[in-house]
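Working notes, beginning with the structure itself.
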Amino acid sequence: MTAILRKSDAKEPFSFVFVDGDKTIVKSENYAQKASAKNGIESVKKNSQEDGRYELKESSNGKFYFNLKASNGQVVGTSTMFASEDDRSAAIDMLKAEAPGATVEDNA
């Protein structure tokens with residue numbers, strides 16, 4: 001698993017994604033500062049280990065996703081959409097197993 005730090009032309013240009021191969025597992029909000037995005041990556045690595053940090057959701061179109069929250073309740077990452085609850089659970093299991101050791105690729 002890799003955490004990719006990205007920069008865009010947005011007002012708050014920094015964001016990150018956690019990917020497994022070419023599949024995005026979790027994406028962040030946008031940040032004004034690169035340091036804040038880096039802190040977000042570390043927060044995902046840390047908070048991914050705690051079951052209570054996952055907020056399981058279902059979208060209006062019947063797909064499943066999750067938010068990963070920090071200890072203060074702030075969302076630090078939102079998953080992509082999954083076709084089933086089992087697929088979502090598998091993504092959470094993968095994030096728990098691989099996020100702490102994820103390499104960081106700085107593309108910002």
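Convention: chains lettered A, B, ... in structure tokens order; per-chain residue numbering from 1; ligands numbered from 1 as shown.
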| message | Among range 1-97 of chain A, which ones does DSSP assign to alpha helix (DSSP H) (computed from the backbone)? Answer as a list of chain:residue names. | response |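 Answer for range 1-97 of chain A restricted to alpha helix (DSSP H) is A:Lys34, A:Ala35, A:Ser36, A:Ala37, A:Lys38, A:Asn39, A:Gly40, A:Ile41, A:Glu42, A:Ser43, A:Val44, A:Lys45, A:Lys46, A:Asn47, A:Glu85, A:Asp86, A:Asp87, A:Arg88, A:Ser89, A:Ala90, A:Ala91, A:Ile92, A:Asp93, A:Met94, A:Leu95, A:Lys96, A:Ala97.
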| Selection: 12 Å around Ser43 in chain A, only C-alpha atoms, excl. self and same-chain fewer than 2 positions, as a PyMOL selection string | chain A and resi 3+16+28+36-41+45-50+53+68-77+99-100
| request: Choose the residue, out of A:Thr24, A:Glu58, A:Glu105, A:Asp9, that has the smallest atom-to-atom separation from Ala83 in chain A; count only C-alpha atoms. | output: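 Looking only at the distances to Ala83 in chain A, the closest residue turns out to be A:Glu58.
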| said: Could you check the closest approach to Met81 in chain A for each of A:Lys57, A:Lys23, A:Lys63, A:Lys11 and tell me which residue wins, using only C-alpha atoms? | reply: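 Among A:Lys57, A:Lys23, A:Lys63, A:Lys11, it is A:Lys63 that comes nearest to Met81 in chain A.
Ranking A:Asn67, A:Phe14, A:Leu56, A:Lys27 by their shortest atom-to-atom distance to Thr2 in chain A, with only C-alpha atoms included, puts A:Lys27 first.
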| field | Exercise: Ala102 in chain A partners within 12 Å, only C-alpha atoms, chain neighbours under 4 positions left out, as an NGL selection string | value | :A and (1-4 or 17-21 or 41-42 or 44-46 or 48 or 94-98)
Take the residues from that selection and write them out as a short mmCIF file (atom, residue, chain, number, x, y, z; two decimals), in the first residue's frame, keeping C-alpha atoms.
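part03.cif was written with the following content:
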data_model
loop_
_atom_site.label_atom_id
_atom_site.label_comp_id
_atom_site.auth_asym_id
_atom_site.auth_seq_id
_atom_site.Cartn_x
_atom_site.Cartn_y
_atom_site.Cartn_z
CA MET A 1 0.00 0.00 0.00
CA THR A 2 1.15 3.49 -0.87
CA ALA A 3 0.08 6.90 0.37
CA ILE A 4 0.36 9.43 -2.44
CA VAL A 17 -4.85 8.93 -1.35
CA PHE A 18 -4.02 5.50 -0.01
CA VAL A 19 -3.81 3.05 -2.91
CA ASP A 20 -3.31 -0.65 -3.30
CA GLY A 21 -1.79 -1.12 -6.75
CA ILE A 41 -1.38 10.64 6.18
CA GLU A 42 0.08 9.92 9.61
CA VAL A 44 -4.75 7.55 8.71
CA LYS A 45 -1.82 5.26 9.52
CA LYS A 46 -2.53 5.60 13.25
CA SER A 48 -6.75 2.81 10.83
CA MET A 94 -6.60 -4.25 4.09
CA LEU A 95 -6.24 -0.71 5.46
CA LYS A 96 -5.74 -2.06 8.99
CA ALA A 97 -3.09 -4.50 7.80
CA GLU A 98 -1.18 -2.29 5.39
#
| A:Ser8, A:Gln33, A:Thr78, A:Thr103 ranked by distance to Ala91 in chain A, top pick (using only C-alpha atoms) |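 Of A:Ser8, A:Gln33, A:Thr78, A:Thr103, the one nearest Ala91 in chain A, counting only C-alpha atoms, is A:Thr78.
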| task | List the neighbours of Lys7 in chain A out to 7 Å using only C-alpha atoms; skip same-chain residues closer than 2 positions along the sequence, and give me the result as a ChimeraX atom specification. | result | /A:13-15,107-108
Go ahead and save the picked residues with N, CA, C and O atoms, as a compact mmCIF listing (two decimals), in the first residue's frame.
# COMPACT_ATOMS: atom_id res chain seq x y z
N PRO A 13 -4.74 23.16 -2.19
CA PRO A 13 -4.24 22.27 -3.24
C PRO A 13 -3.71 20.89 -2.81
O PRO A 13 -3.49 20.04 -3.67
N PHE A 14 -3.52 20.66 -1.53
CA PHE A 14 -2.88 19.42 -1.12
C PHE A 14 -3.89 18.37 -0.66
O PHE A 14 -4.85 18.69 0.05
N SER A 15 -3.68 17.15 -1.09
CA SER A 15 -4.53 16.04 -0.67
C SER A 15 -3.70 14.77 -0.75
O SER A 15 -2.54 14.78 -1.19
N ASN A 107 4.15 13.58 -4.46
CA ASN A 107 3.98 14.13 -5.80
C ASN A 107 3.56 15.60 -5.74
O ASN A 107 3.06 16.14 -6.72
N ALA A 108 3.71 16.21 -4.57
CA ALA A 108 3.25 17.59 -4.40
C ALA A 108 4.36 18.56 -4.70
O ALA A 108 5.25 18.85 -4.08
| task | Could you please determine the separation between CA of Phe82 in chain A and CA of Gly62 in chain A in Å, to one decimal place? | result | 9.3 Å
| request: List every residue of chain A that DSSP, applied to the backbone of this structure, places in strand (DSSP E), and write the result as a ChimeraX atom specification. | output: /A:2-7,14-20,23-27,54-58,64-69,75-79,103-106
| note | Closest of A:Ala32, A:Val104, A:Gly52, A:Val26 to Glu12 in chain A, counting only C-alpha atoms, is A:Ala32
